[in-house]
Amino acid sequence: MKRNRKEARREQRQVQVWNLPQARAALPYLSSVVRSLREHRLEALAHSQAAKRIANRPGRPDCITLIAEQEARKAAEQADANAQEALAELEAMDVFCLDPVAGQALIPFVKNEQLAWYVYDTFDTEPFRFWRWHTDPIETRRPVEEVVPDPLKQTWLA
């Protein structure tokens, strides 16, 4: 059987990289989208949990219970769809969600010709306080003062 070598290769896509001034300028919009994503995700989790509680009640469910469970599941699906829209909005800007419930996202940039990420945190007093290399463990945080923005580099192949 022949294998298509083109399909076997990993697809590359160009990612827009940011510098720190660009990221700070986009902060109001970025904050709005990340908060929206967080709210929709929490809403979806709450409705899903409510549906599970209703379904796990002892005894045979009556008509009202079945309707309440169905409505909770529909509300969870709608909230999840809204969260997916917010996530797509972030990804259109080449910003990637790290943890929607914690309100954290990653913004790509280039440092020493390597891919790195600004760590955006909704609940931090300074939303861009940390950064990490692409190869670092996900919990790694480095002070953003180490970063010297390079406005000449605008794209990175991932």
# chains A, B, ... in the order shown; residues from 1 in each chain; ligands from 1
call {"tool": "closest_atom_pairs", "arguments": {"of": "segment 51-84 of chain A", "to": "segment 32-47 of chain A", "cutoff": "7 Å", "atoms": "only C-alpha atoms", "output": "JSON lines"}}
result
{"residue": "A:Ala51", "atom": "CA", "partner": "A:His47", "partner_atom": "CA", "distance": 6.2}
{"residue": "A:Ala72", "atom": "CA", "partner": "A:His47", "partner_atom": "CA", "distance": 5.3}
{"residue": "A:Arg73", "atom": "CA", "partner": "A:His47", "partner_atom": "CA", "distance": 6.6}
{"residue": "A:Ala75", "atom": "CA", "partner": "A:His47", "partner_atom": "CA", "distance": 6.2}
{"residue": "A:Ala76", "atom": "CA", "partner": "A:Ala44", "partner_atom": "CA", "distance": 4.3}
{"residue": "A:Glu77", "atom": "CA", "partner": "A:Ala44", "partner_atom": "CA", "distance": 6.9}
{"residue": "A:Ala79", "atom": "CA", "partner": "A:Ala44", "partner_atom": "CA", "distance": 4.9}
{"residue": "A:Asp80", "atom": "CA", "partner": "A:Ala44", "partner_atom": "CA", "distance": 5.4}
{"residue": "A:Asn82", "atom": "CA", "partner": "A:His40", "partner_atom": "CA", "distance": 6.2}
{"residue": "A:Ala83", "atom": "CA", "partner": "A:Leu37", "partner_atom": "CA", "distance": 5.0}
call {"tool": "write_last_selection", "arguments": {"atoms": "C-alpha atoms", "output": "compact mmCIF listing (two decimals), in the first residue's frame"}}
result
# COMPACT_ATOMS: atom_id res chain seq x y z
CA ALA A 51 -28.35 17.98 34.72
CA ALA A 72 -30.31 21.86 31.84
CA ARG A 73 -28.56 19.83 29.14
CA ALA A 75 -28.50 25.23 28.50
CA ALA A 76 -25.13 23.49 28.96
CA GLU A 77 -24.85 22.87 25.22
CA ALA A 79 -23.17 27.82 26.94
CA ASP A 80 -20.57 25.43 25.51
CA ASN A 82 -20.87 30.27 23.19
CA ALA A 83 -17.55 29.28 24.80
call {"tool": "atom_distance", "arguments": {"atom1": "atom CA of Glu91 of chain A", "atom2": "atom CA of Ala105 of chain A"}}
result
10.4 Å
call {"tool": "atom_distance", "arguments": {"atom1": "atom CA of Cys97 of chain A", "atom2": "atom CA of Ser48 of chain A"}}
result
21.2 Å
call {"tool": "residues_around", "arguments": {"residues": "segment 107-119 of chain A", "least_positions_apart": "3", "cutoff": "8 Å", "atoms": "only C-alpha atoms", "output": "mmCIF file with C-alpha atoms, in the first residue's frame"}}
result
data_model
loop_
_atom_site.group_PDB
_atom_site.id
_atom_site.type_symbol
_atom_site.label_atom_id
_atom_site.label_comp_id
_atom_site.auth_asym_id
_atom_site.auth_seq_id
_atom_site.Cartn_x
_atom_site.Cartn_y
_atom_site.Cartn_z
ATOM 1 C CA VAL A 15 1.254 32.053 13.520
ATOM 2 C CA GLN A 16 1.169 35.799 14.063
ATOM 3 C CA VAL A 17 3.622 36.681 16.811
ATOM 4 C CA TRP A 18 3.199 39.665 19.054
ATOM 5 C CA ASN A 19 5.546 42.018 20.814
ATOM 6 C CA ALA A 23 -0.116 42.683 23.470
ATOM 7 C CA ASP A 94 -3.420 33.511 17.292
ATOM 8 C CA VAL A 95 -3.995 33.674 21.036
ATOM 9 C CA PHE A 96 -4.390 30.270 22.661
ATOM 10 C CA GLN A 104 -5.347 32.274 31.288
ATOM 11 C CA PRO A 127 -1.901 40.597 33.161
ATOM 12 C CA PHE A 128 1.413 40.169 31.286
ATOM 13 C CA ARG A 129 3.710 39.534 34.238
ATOM 14 C CA PHE A 130 5.119 36.225 32.972
ATOM 15 C CA TRP A 131 6.329 34.429 29.863
ATOM 16 C CA ARG A 132 7.607 30.945 29.010
ATOM 17 C CA TRP A 133 9.509 29.173 26.244
ATOM 18 C CA HIS A 134 7.491 26.896 23.982
ATOM 19 C CA ARG A 141 6.692 31.235 34.580
ATOM 20 C CA VAL A 144 8.425 39.432 31.595
ATOM 21 C CA VAL A 147 11.940 39.874 27.379
ATOM 22 C CA VAL A 148 13.326 42.391 24.924
ATOM 23 C CA PRO A 149 10.618 42.825 22.258
ATOM 24 C CA ASP A 150 11.739 42.512 18.654
ATOM 25 C CA LYS A 153 9.963 39.647 13.642
ATOM 26 C CA TRP A 156 6.795 32.238 13.256
#
call {"tool": "select_by_dssp", "arguments": {"residues": "segment 34-100 of chain A", "states": "strand (DSSP E)", "output": "ChimeraX atom specification"}}
result
/A:96-99
call {"tool": "atom_distance", "arguments": {"atom1": "atom CA of Leu66 of chain A", "atom2": "atom CA of Ala50 of chain A"}}
result
12.4 Å
call {"tool": "select_by_dssp", "arguments": {"residues": "chain A", "states": "alpha helix (DSSP H)", "output": "number ranges by chain"}}
result
A: 5-8, 20-25, 27-55, 63-92
call {"tool": "closest_residue", "arguments": {"among": "A:Tyr120, A:Ile64, A:Leu98, A:Leu87", "to": "Leu27 of chain A", "atoms": "only C-alpha atoms"}}
result
A:Tyr120
